[in-house]
Amino acid sequence: MTNPINANNDDKNIIFDVKDLNLWYGNDKALKGLDFQIKENDVTAIIGPSGCGKSTFIKTLNRMVELIPSVKITGEILYNGTNIFDKSLRVEELRSRVGMVFQKPNPFPKSIFENVVYGPKIHGIRDKRKLMEITETSLKRAALWDEVKDRLNDNAYGLSGGQQQRLCLARALAMEPEVLLMDEPTSALDPIATAKIEELIMELKKEYTIVIVTHSMQQAARISDKTAFFLMGELIEVDKTQKIFTTPRDKRTEDYVTGRFG
Amino acid sequence: MGVEFMHERETKNYSNAPMNKSNMNRRILIDKVAKMLFLSSTLFALLVLGVLLYRIGTQSIGWLDLDFLTGKLSIFPEKAGIYGVLLGSVWLMLVVTPITLIIGVSTAIYLEEYATKGRLQTFIKTNISNLAGVPSVIFGLLGLTVFGRLFGLGSSILAGGLTMSLLILPIVVVASQEAIRAVPGFLRDASYAMGATKWVTIRTVILPVAIPGILTGSILALSRAIGETAPLVVLGVPTLILKVPTSVMDDFSALPIQIYYWTLDTVLTPEYANLAAATIVVLLMVLFLMNSTAIIIRNKFQRRY
Amino acid sequence: MDKTIQVRDLIKKNLNNPKNRNIDKIMPNIFLLAASISVITTIGIVLTLIFDAFKFFKEVPLREVFSTHLAPLAVNPSFGILPLINGTIITSIIAMMVAIPIGLASAIYLSEFASDKTRKNLKPMMEVLAGIPTIVYGFFAYSFVTPLLMTIIPSLGAKNALSPGIVMGIMITPMVASLSEDAMNAVPNAMREGALALGATKLEVTLKVVVPAAISGIIASFVLGISRAIGETMIVVIGSGSSKNFSFDFTQSMQTMTAYIVEFTSGDAGSGTLGYYSLYAVGLILFVFTLLMNLFAQYISRKYREEY
């Protein structure tokens, strides 16, 4: 163990290697010296109270955070060995390989079909047959195919909230990413829709590396392999989920997971 | 002294309860009278609108018919028609519409999506809002000097169209900016997160969502251009065009110009007032159609997200 | 799984295509170019006006410019600009005497007294009033308002400053009303409720709370209204005519700065004559007048936005 708080050691490949990551919004420091590894085919849950930087962190992994003006970042994040802030890796390429699902379902006001093929299309795939194929595979993976296969040309906003979120998932999957980032993907959904998404995550982890920010400790406990606890921009502890919830090493983690604050 | 005064007043109020009540009644009465006054002011403005429309409508009766629309100009009021100026206005719009849309929307895209908050952006924005306040007659002088004389376009459709385009450009820019700004951030995020570049996001997400708003605002701007007179008069657009224009380099006349000259000529022939009124009815109907279109677009594409 | 690899690879291949990269570099420049057109327009206006106005001021001594004698087409032309400024100011004052009370009263009614339903019905009608082309107002002033006023003031000229002034006021009313209403709507409801809870009537709340709180926005609407009146052209061209006499008699014809420009360009002042250059001198003064007004309005309305 090289890092006392970072007991994330096993034989899996490292997908993201975060090294001394600091981030400021203007003068406010939002992430403080994060050192952290995310391993292949793991579901890594990020928990912590509101404003602890967990959303900021996940948006840093695909550099979406840079869309906010006045953001300043130091440190590095190696993605499969390449620093994502390096000029040699274009941000568009990074984002095409690291898909993202947002807190609130955000389909485009277009047809279901157009939503799914948005990524492949903007990246130059024009062949209609190929696009149909992609649509079917992605929607099946997102467990939405059976519900929408007869109305692919309907507007996505005719779907229910849960269906919209699965559509957004299908949209991200259509690019065949390696990583899926999920920023509180079920916080806007009802319990049944939430269960469905959680089921999907369990299925998808076989093929993808998943990082999920969640407000719900039960959710983290149910679906994740690793859990990272953030507090005020610091990574307090990261470990196997079971360990975090049963025998955390840090007092603050314990206080949080036992509901003493939050 | 202030405190003393207040104290005095307080005592007075307490000790004169009946007077207070009558005072209350008076205040309520004043309130009611004032409300009626405010309402009648509002209605007065609308009354003038009603009188205006009624007057022009009755003056045009008997003069506005199919022959009037399809007839050519004539010195005999009974025979005169507005076919030429109607087409002139159409030609003018054919020039103004693409120019303002392309430049206006592009400017809005630059300001909303590309420009970083800073001096350049502030400068361009301030410039646009000030340009919107420049009297139209000044745009006429600009058109006359630059397009008419410097570029040698004279008082052609192209010269008139370019002048009008610059005149309504600020309106189109501001309307487009508002429409682009109304595109929710989560749609942009979705696109960027798929690895889309800025231009791709603009082309595939922002513009399609913003287009109804852009069109609504632009149609209102164009309806301003179609009724605008002063710049064209300054540009030297004549009234006696007996030939129907066939290209953008042709001289032309337009509906408001015709109204202007017929109004001036009522001194000589009173019937010209009827012709002017009939032309105004045509102009107002065109405006009504444009505005209705704008409203229909706005309602049809109400936000669905 | 080989399909999987295919999509990924296709995307990667496309991302590395230099053609796609170029578009993303070119587009911002195209948009910047478009945005610069509005700046170029302003520069064009300023240069056009200054360039030819300079020729005018080089020839005509300032003492003559600021005289009351205007006779541009006389054998011995004289270019006193004061009659035009006088005409502009008088028609604008008449317009604002109509637009300010009616506009403000309408704004107060719509913002403070009207029910939502009434407001919904009245506002579009006010917008119609604002959307009518000025040439139509000009026709209305000349062919209806002037004859109507003649029944009250028999000495009224067929061309006079009064009638176009009033009609111009009607035209500006919706603008004053809508900008003032915006300013009053921006006043937080808590301020109204505080006064209403003390037993104040709506009128008292309006006059003692809302109007004072919104005063800078209201004044900005007046200033913009004045700016519109100064720059308005067709109504005064048609209604007020082209008399170049320096007089305060608003029952008679007066020429405004805008009307002078229209008269001269549509007339036969050939390029290169002093009369032609005088257009630009008048245009320059008009431009500076309206620009200052607009900047002033922006300044005060920006100030009030910071208040809440």
# chains A, B, ... in the order shown; residues from 1 in each chain; ligands from 1
call {"tool": "interface_residues", "arguments": {"of": "chain A", "to": "chain C", "cutoff": "7 Å", "atoms": "only C-alpha atoms", "output": "list of chain:residue names"}}
result
A:Glu93, A:Pro120, A:His123, A:Gly124, A:Met175, A:Glu176
call {"tool": "residues_around", "arguments": {"residues": "stretch 103-111 of chain C", "least_positions_apart": "4", "cutoff": "6 Å", "atoms": "only C-alpha atoms", "output": "list in words"}}
result
Phe38, Leu39, Ser41 and Thr42 of chain B; Ala99, Arg119, Thr173, Val176, Ala177, Ser180 and Glu181 of chain C
call {"tool": "write_last_selection", "arguments": {"atoms": "C-alpha atoms", "output": "PDB file, in the first residue's frame"}}
result
ATOM      1  CA  PHE B  38     -55.303  55.194 -15.687  1.00  0.00           C
ATOM      2  CA  LEU B  39     -57.686  52.874 -17.472  1.00  0.00           C
ATOM      3  CA  SER B  41     -55.472  56.640 -20.631  1.00  0.00           C
ATOM      4  CA  THR B  42     -54.813  53.108 -21.780  1.00  0.00           C
TER       5      THR B  42
ATOM      6  CA  ALA C  99     -46.600  60.155 -24.606  1.00  0.00           C
ATOM      7  CA  ARG C 119     -53.502  42.798 -19.157  1.00  0.00           C
ATOM      8  CA  THR C 173     -46.857  55.854 -26.075  1.00  0.00           C
ATOM      9  CA  VAL C 176     -42.974  54.445 -22.920  1.00  0.00           C
ATOM     10  CA  ALA C 177     -45.749  52.269 -21.480  1.00  0.00           C
ATOM     11  CA  SER C 180     -42.109  51.802 -17.713  1.00  0.00           C
ATOM     12  CA  GLU C 181     -44.209  48.732 -17.031  1.00  0.00           C
TER      13      GLU C 181
END
call {"tool": "select_by_dssp", "arguments": {"residues": "stretch 1-110 of chain A", "states": "helix (DSSP H, G or I)", "output": "list in words"}}
result
Lys54, Ser55, Thr56, Phe57, Ile58, Lys59, Thr60, Leu61, Met64, Val65, Glu66, Leu67, Val91, Glu92, Glu93, Leu94, Arg95, Ser96 and Arg97 of chain A
call {"tool": "write_last_selection", "arguments": {"atoms": "N, CA and C atoms", "output": "short mmCIF file (atom, residue, chain, number, x, y, z; two decimals), in the first residue's frame"}}
result
data_model
loop_
_atom_site.label_atom_id
_atom_site.label_comp_id
_atom_site.auth_asym_id
_atom_site.auth_seq_id
_atom_site.Cartn_x
_atom_site.Cartn_y
_atom_site.Cartn_z
N LYS A 54 -18.06 15.95 -5.53
CA LYS A 54 -18.17 14.68 -6.24
C LYS A 54 -18.63 14.87 -7.68
N SER A 55 -19.58 15.80 -7.88
CA SER A 55 -20.02 16.09 -9.25
C SER A 55 -18.90 16.74 -10.07
N THR A 56 -18.22 17.68 -9.43
CA THR A 56 -17.10 18.33 -10.08
C THR A 56 -16.06 17.30 -10.52
N PHE A 57 -15.80 16.35 -9.63
CA PHE A 57 -14.77 15.36 -9.93
C PHE A 57 -15.15 14.53 -11.16
N ILE A 58 -16.40 14.04 -11.18
CA ILE A 58 -16.78 13.16 -12.28
C ILE A 58 -16.78 13.93 -13.60
N LYS A 59 -17.11 15.22 -13.52
CA LYS A 59 -17.10 16.03 -14.75
C LYS A 59 -15.68 16.39 -15.18
N THR A 60 -14.74 16.22 -14.28
CA THR A 60 -13.35 16.46 -14.66
C THR A 60 -12.82 15.28 -15.48
N LEU A 61 -13.36 14.10 -15.21
CA LEU A 61 -12.86 12.91 -15.90
C LEU A 61 -13.09 12.97 -17.41
N MET A 64 -15.73 17.85 -18.90
CA MET A 64 -16.94 18.67 -19.05
C MET A 64 -16.89 19.88 -18.12
N VAL A 65 -16.14 19.73 -17.05
CA VAL A 65 -16.07 20.81 -16.07
C VAL A 65 -15.48 22.08 -16.69
N GLU A 66 -14.71 21.89 -17.75
CA GLU A 66 -14.07 23.06 -18.37
C GLU A 66 -15.06 23.95 -19.10
N LEU A 67 -16.31 23.48 -19.29
CA LEU A 67 -17.30 24.33 -19.93
C LEU A 67 -17.72 25.48 -19.02
N VAL A 91 -10.05 16.60 -26.72
CA VAL A 91 -11.14 16.49 -25.77
C VAL A 91 -12.33 15.77 -26.40
N GLU A 92 -12.52 15.97 -27.70
CA GLU A 92 -13.63 15.28 -28.39
C GLU A 92 -13.41 13.76 -28.36
N GLU A 93 -12.14 13.36 -28.52
CA GLU A 93 -11.85 11.93 -28.52
C GLU A 93 -12.06 11.34 -27.13
N LEU A 94 -11.57 12.08 -26.13
CA LEU A 94 -11.77 11.63 -24.76
C LEU A 94 -13.26 11.41 -24.48
N ARG A 95 -14.06 12.41 -24.87
CA ARG A 95 -15.49 12.33 -24.55
C ARG A 95 -16.20 11.26 -25.37
N SER A 96 -15.66 10.94 -26.53
CA SER A 96 -16.30 9.87 -27.30
C SER A 96 -15.98 8.51 -26.68
N ARG A 97 -14.94 8.45 -25.86
CA ARG A 97 -14.61 7.17 -25.25
C ARG A 97 -15.08 7.09 -23.80
#
call {"tool": "residues_around", "arguments": {"residues": "A:Tyr157", "least_positions_apart": "3", "cutoff": "9 Å", "atoms": "only C-alpha atoms", "output": "list in words"}}
result
Pro107, Phe108, Pro109, Lys110, Ser111, Ile112, Asp154, Ser160, Gly161 and Gln164 of chain A; Arg304 and Tyr305 of chain B
call {"tool": "write_last_selection", "arguments": {"atoms": "N, CA and C atoms", "output": "CSV table (one decimal), in the first residue's frame"}}
result
chain,number,residue,atom,x,y,z
A,107,PRO,N,-32.6,14.2,-23.0
A,107,PRO,CA,-32.6,13.8,-24.5
A,107,PRO,C,-32.8,15.1,-25.3
A,108,PHE,N,-32.4,15.0,-26.6
A,108,PHE,CA,-32.6,16.1,-27.5
A,108,PHE,C,-34.0,16.2,-27.9
A,109,PRO,N,-34.6,17.3,-28.2
A,109,PRO,CA,-36.0,17.4,-28.7
A,109,PRO,C,-36.0,16.9,-30.1
A,110,LYS,N,-35.6,15.6,-30.3
A,110,LYS,CA,-35.6,15.0,-31.6
A,110,LYS,C,-36.3,13.6,-31.4
A,111,SER,N,-36.3,12.8,-32.5
A,111,SER,CA,-36.9,11.5,-32.4
A,111,SER,C,-36.0,10.6,-31.6
A,112,ILE,N,-36.6,9.5,-31.1
A,112,ILE,CA,-35.8,8.5,-30.3
A,112,ILE,C,-34.6,8.0,-31.1
A,154,ASP,N,-40.8,8.8,-32.9
A,154,ASP,CA,-41.6,9.7,-32.1
A,154,ASP,C,-40.6,10.6,-31.3
A,160,SER,N,-41.5,8.5,-20.7
A,160,SER,CA,-41.5,8.8,-19.3
A,160,SER,C,-40.1,9.1,-18.8
A,161,GLY,N,-40.0,9.7,-17.6
A,161,GLY,CA,-38.7,10.1,-17.1
A,161,GLY,C,-37.7,9.0,-17.1
A,164,GLN,N,-36.7,8.1,-20.6
A,164,GLN,CA,-35.8,9.2,-21.1
A,164,GLN,C,-34.4,8.9,-20.6
B,304,ARG,N,-41.0,21.9,-25.7
B,304,ARG,CA,-41.4,20.6,-25.3
B,304,ARG,C,-40.6,20.0,-24.3
B,305,TYR,N,-39.5,20.6,-23.8
B,305,TYR,CA,-38.6,20.0,-22.9
B,305,TYR,C,-38.7,20.6,-21.5
call {"tool": "residues_around", "arguments": {"residues": "stretch 33-50 of chain A", "least_positions_apart": "6", "cutoff": "6 Å", "atoms": "only C-alpha atoms", "output": "ChimeraX atom specification"}}
result
/A:12-22,205,208-214,220,224-231,262
call {"tool": "residues_around", "arguments": {"residues": "A:Gly162", "least_positions_apart": "6", "cutoff": "8 Å", "atoms": "only C-alpha atoms", "output": "PyMOL selection string"}}
result
chain A and resi 189-190+193-194
call {"tool": "write_last_selection", "arguments": {"atoms": "N, CA and C atoms", "output": "PDB file, in the first residue's frame"}}
result
ATOM      1  N   LEU A 189     -35.657  10.258 -10.634  1.00  0.00           N
ATOM      2  CA  LEU A 189     -36.557   9.164 -11.037  1.00  0.00           C
ATOM      3  C   LEU A 189     -37.291   8.570  -9.846  1.00  0.00           C
ATOM      4  N   ASP A 190     -38.405   7.885 -10.150  1.00  0.00           N
ATOM      5  CA  ASP A 190     -39.158   7.206  -9.099  1.00  0.00           C
ATOM      6  C   ASP A 190     -38.485   5.871  -8.769  1.00  0.00           C
ATOM      7  N   ALA A 193     -38.279   3.140 -11.608  1.00  0.00           N
ATOM      8  CA  ALA A 193     -37.335   3.501 -12.665  1.00  0.00           C
ATOM      9  C   ALA A 193     -35.902   3.413 -12.147  1.00  0.00           C
ATOM     10  N   THR A 194     -35.720   3.778 -10.884  1.00  0.00           N
ATOM     11  CA  THR A 194     -34.395   3.708 -10.280  1.00  0.00           C
ATOM     12  C   THR A 194     -33.902   2.264 -10.248  1.00  0.00           C
TER      13      THR A 194
END
call {"tool": "interface_residues", "arguments": {"of": "chain B", "to": "chain A", "cutoff": "10 Å", "atoms": "only C-alpha atoms", "output": "JSON, numbers by chain"}}
result
{"B": [116, 117, 184, 185, 186, 187, 188, 189, 190, 191, 192, 193, 194, 195, 196, 197, 200, 201, 204, 205, 208, 209, 303, 304, 305]}
call {"tool": "write_last_selection", "arguments": {"atoms": "N, CA and C atoms", "output": "PDB file, in the first residue's frame"}}
result
ATOM      1  N   THR B 116     -15.746  35.260 -25.659  1.00  0.00           N
ATOM      2  CA  THR B 116     -15.544  35.124 -24.232  1.00  0.00           C
ATOM      3  C   THR B 116     -15.937  36.451 -23.604  1.00  0.00           C
ATOM      4  N   LYS B 117     -16.423  36.369 -22.385  1.00  0.00           N
ATOM      5  CA  LYS B 117     -16.829  37.599 -21.704  1.00  0.00           C
ATOM      6  C   LYS B 117     -15.611  38.509 -21.604  1.00  0.00           C
ATOM      7  N   PRO B 184     -31.775  25.354 -23.436  1.00  0.00           N
ATOM      8  CA  PRO B 184     -31.316  24.976 -22.102  1.00  0.00           C
ATOM      9  C   PRO B 184     -29.906  24.397 -22.104  1.00  0.00           C
ATOM     10  N   GLY B 185     -29.176  24.706 -21.040  1.00  0.00           N
ATOM     11  CA  GLY B 185     -27.791  24.261 -20.926  1.00  0.00           C
ATOM     12  C   GLY B 185     -27.655  22.748 -20.965  1.00  0.00           C
ATOM     13  N   PHE B 186     -28.680  22.012 -20.463  1.00  0.00           N
ATOM     14  CA  PHE B 186     -28.508  20.566 -20.404  1.00  0.00           C
ATOM     15  C   PHE B 186     -28.463  19.941 -21.794  1.00  0.00           C
ATOM     16  N   LEU B 187     -29.039  20.632 -22.801  1.00  0.00           N
ATOM     17  CA  LEU B 187     -28.942  20.091 -24.160  1.00  0.00           C
ATOM     18  C   LEU B 187     -27.524  20.268 -24.711  1.00  0.00           C
ATOM     19  N   ARG B 188     -26.935  21.442 -24.406  1.00  0.00           N
ATOM     20  CA  ARG B 188     -25.541  21.643 -24.807  1.00  0.00           C
ATOM     21  C   ARG B 188     -24.653  20.612 -24.155  1.00  0.00           C
ATOM     22  N   ASP B 189     -24.856  20.427 -22.842  1.00  0.00           N
ATOM     23  CA  ASP B 189     -24.037  19.466 -22.098  1.00  0.00           C
ATOM     24  C   ASP B 189     -24.117  18.091 -22.740  1.00  0.00           C
ATOM     25  N   ALA B 190     -25.350  17.692 -23.079  1.00  0.00           N
ATOM     26  CA  ALA B 190     -25.525  16.368 -23.675  1.00  0.00           C
ATOM     27  C   ALA B 190     -24.692  16.238 -24.933  1.00  0.00           C
ATOM     28  N   SER B 191     -24.705  17.296 -25.741  1.00  0.00           N
ATOM     29  CA  SER B 191     -23.963  17.236 -26.997  1.00  0.00           C
ATOM     30  C   SER B 191     -22.450  17.230 -26.764  1.00  0.00           C
ATOM     31  N   TYR B 192     -21.988  18.122 -25.914  1.00  0.00           N
ATOM     32  CA  TYR B 192     -20.537  18.180 -25.649  1.00  0.00           C
ATOM     33  C   TYR B 192     -20.050  16.869 -25.049  1.00  0.00           C
ATOM     34  N   ALA B 193     -20.894  16.261 -24.196  1.00  0.00           N
ATOM     35  CA  ALA B 193     -20.475  15.024 -23.542  1.00  0.00           C
ATOM     36  C   ALA B 193     -20.352  13.875 -24.536  1.00  0.00           C
ATOM     37  N   MET B 194     -20.963  14.034 -25.716  1.00  0.00           N
ATOM     38  CA  MET B 194     -20.815  13.000 -26.737  1.00  0.00           C
ATOM     39  C   MET B 194     -19.580  13.251 -27.582  1.00  0.00           C
ATOM     40  N   GLY B 195     -18.786  14.237 -27.209  1.00  0.00           N
ATOM     41  CA  GLY B 195     -17.580  14.538 -27.977  1.00  0.00           C
ATOM     42  C   GLY B 195     -17.840  15.455 -29.148  1.00  0.00           C
ATOM     43  N   ALA B 196     -18.987  16.155 -29.134  1.00  0.00           N
ATOM     44  CA  ALA B 196     -19.263  17.099 -30.217  1.00  0.00           C
ATOM     45  C   ALA B 196     -18.412  18.348 -30.031  1.00  0.00           C
ATOM     46  N   THR B 197     -17.968  18.908 -31.130  1.00  0.00           N
ATOM     47  CA  THR B 197     -17.263  20.175 -31.047  1.00  0.00           C
ATOM     48  C   THR B 197     -18.306  21.278 -30.932  1.00  0.00           C
ATOM     49  N   VAL B 200     -20.379  21.703 -34.145  1.00  0.00           N
ATOM     50  CA  VAL B 200     -21.339  20.603 -34.315  1.00  0.00           C
ATOM     51  C   VAL B 200     -22.515  20.788 -33.360  1.00  0.00           C
ATOM     52  N   THR B 201     -22.209  21.182 -32.124  1.00  0.00           N
ATOM     53  CA  THR B 201     -23.279  21.415 -31.149  1.00  0.00           C
ATOM     54  C   THR B 201     -24.205  22.535 -31.622  1.00  0.00           C
ATOM     55  N   THR B 204     -26.229  21.105 -34.744  1.00  0.00           N
ATOM     56  CA  THR B 204     -27.156  19.986 -34.569  1.00  0.00           C
ATOM     57  C   THR B 204     -28.100  20.153 -33.381  1.00  0.00           C
ATOM     58  N   VAL B 205     -27.738  20.977 -32.418  1.00  0.00           N
ATOM     59  CA  VAL B 205     -28.594  21.096 -31.234  1.00  0.00           C
ATOM     60  C   VAL B 205     -29.117  22.518 -31.060  1.00  0.00           C
ATOM     61  N   PRO B 208     -31.281  24.122 -34.283  1.00  0.00           N
ATOM     62  CA  PRO B 208     -32.620  23.531 -34.460  1.00  0.00           C
ATOM     63  C   PRO B 208     -33.590  23.916 -33.344  1.00  0.00           C
ATOM     64  N   VAL B 209     -33.095  23.999 -32.115  1.00  0.00           N
ATOM     65  CA  VAL B 209     -33.987  24.344 -31.012  1.00  0.00           C
ATOM     66  C   VAL B 209     -34.318  25.840 -31.031  1.00  0.00           C
ATOM     67  N   ARG B 303     -41.984  25.237 -26.261  1.00  0.00           N
ATOM     68  CA  ARG B 303     -40.996  24.311 -25.718  1.00  0.00           C
ATOM     69  C   ARG B 303     -41.598  22.991 -25.284  1.00  0.00           C
ATOM     70  N   ARG B 304     -40.950  21.940 -25.663  1.00  0.00           N
ATOM     71  CA  ARG B 304     -41.439  20.626 -25.301  1.00  0.00           C
ATOM     72  C   ARG B 304     -40.558  19.953 -24.257  1.00  0.00           C
ATOM     73  N   TYR B 305     -39.524  20.625 -23.825  1.00  0.00           N
ATOM     74  CA  TYR B 305     -38.626  19.953 -22.883  1.00  0.00           C
ATOM     75  C   TYR B 305     -38.725  20.614 -21.516  1.00  0.00           C
TER      76      TYR B 305
END
call {"tool": "closest_residue", "arguments": {"among": "C:Gly87, C:Pro28, C:Pro212, C:Pro77", "to": "chain B", "atoms": "only C-alpha atoms"}}
result
C:Pro28
call {"tool": "select_by_dssp", "arguments": {"residues": "stretch 52-235 of chain A", "states": "strand (DSSP E)", "output": "PyMOL selection string"}}
result
chain A and resi 71-79+82-83+98-101+179-183+209-213+226-231+234-235
call {"tool": "closest_residue", "arguments": {"among": "B:Ile257, B:Val244, B:Ala221, B:Val234", "to": "chain C", "atoms": "only C-alpha atoms"}}
result
B:Val234
call {"tool": "residues_around", "arguments": {"residues": "C:Met293", "least_positions_apart": "3", "cutoff": "10 Å", "atoms": "only C-alpha atoms", "output": "ChimeraX atom specification"}}
result
/B:133 /C:220,222-228,230,287-290,296-299
call {"tool": "write_last_selection", "arguments": {"atoms": "C-alpha atoms", "output": "JSON list (two decimals), in the first residue's frame"}}
result
[["chain", "number", "residue", "atom", "x", "y", "z"],
["B", 133, "GLY", "CA", -31.36, 53.58, -31.59],
["C", 220, "ALA", "CA", -35.05, 55.84, -19.07],
["C", 222, "PHE", "CA", -38.95, 58.88, -21.25],
["C", 223, "VAL", "CA", -35.44, 59.52, -22.53],
["C", 224, "LEU", "CA", -35.75, 56.76, -25.11],
["C", 225, "GLY", "CA", -39.11, 58.22, -26.08],
["C", 226, "ILE", "CA", -37.53, 61.62, -26.64],
["C", 227, "SER", "CA", -34.82, 60.00, -28.68],
["C", 228, "ARG", "CA", -37.46, 58.33, -30.83],
["C", 230, "ILE", "CA", -36.13, 63.43, -32.32],
["C", 287, "PHE", "CA", -26.87, 61.28, -34.71],
["C", 288, "VAL", "CA", -25.02, 62.80, -31.77],
["C", 289, "PHE", "CA", -28.29, 63.95, -30.16],
["C", 290, "THR", "CA", -29.92, 60.54, -30.32],
["C", 296, "PHE", "CA", -28.00, 58.24, -21.06],
["C", 297, "ALA", "CA", -31.04, 55.95, -21.00],
["C", 298, "GLN", "CA", -28.79, 52.88, -20.90],
["C", 299, "TYR", "CA", -26.79, 54.42, -18.09]]
call {"tool": "closest_residue", "arguments": {"among": "C:Glu232, C:Asp182, C:Glu127, C:Asp116", "to": "chain B", "atoms": "only C-alpha atoms"}}
result
C:Glu232
call {"tool": "atom_distance", "arguments": {"atom1": "atom CA of B:Ile61", "atom2": "atom CA of B:Ala278"}}
result
7.6 Å
call {"tool": "closest_residue", "arguments": {"among": "C:Gly80, C:Gly231, C:Pro147, C:Gly165", "to": "C:Leu284", "atoms": "only C-alpha atoms"}}
result
C:Gly231
call {"tool": "closest_residue", "arguments": {"among": "C:Ala141, C:Leu73, C:Ile90, C:Leu149", "to": "chain B", "atoms": "only C-alpha atoms"}}
result
C:Ala141
call {"tool": "closest_residue", "arguments": {"among": "B:Val233, B:Leu87, B:Leu66, B:Leu207", "to": "chain C", "atoms": "only C-alpha atoms"}}
result
B:Val233
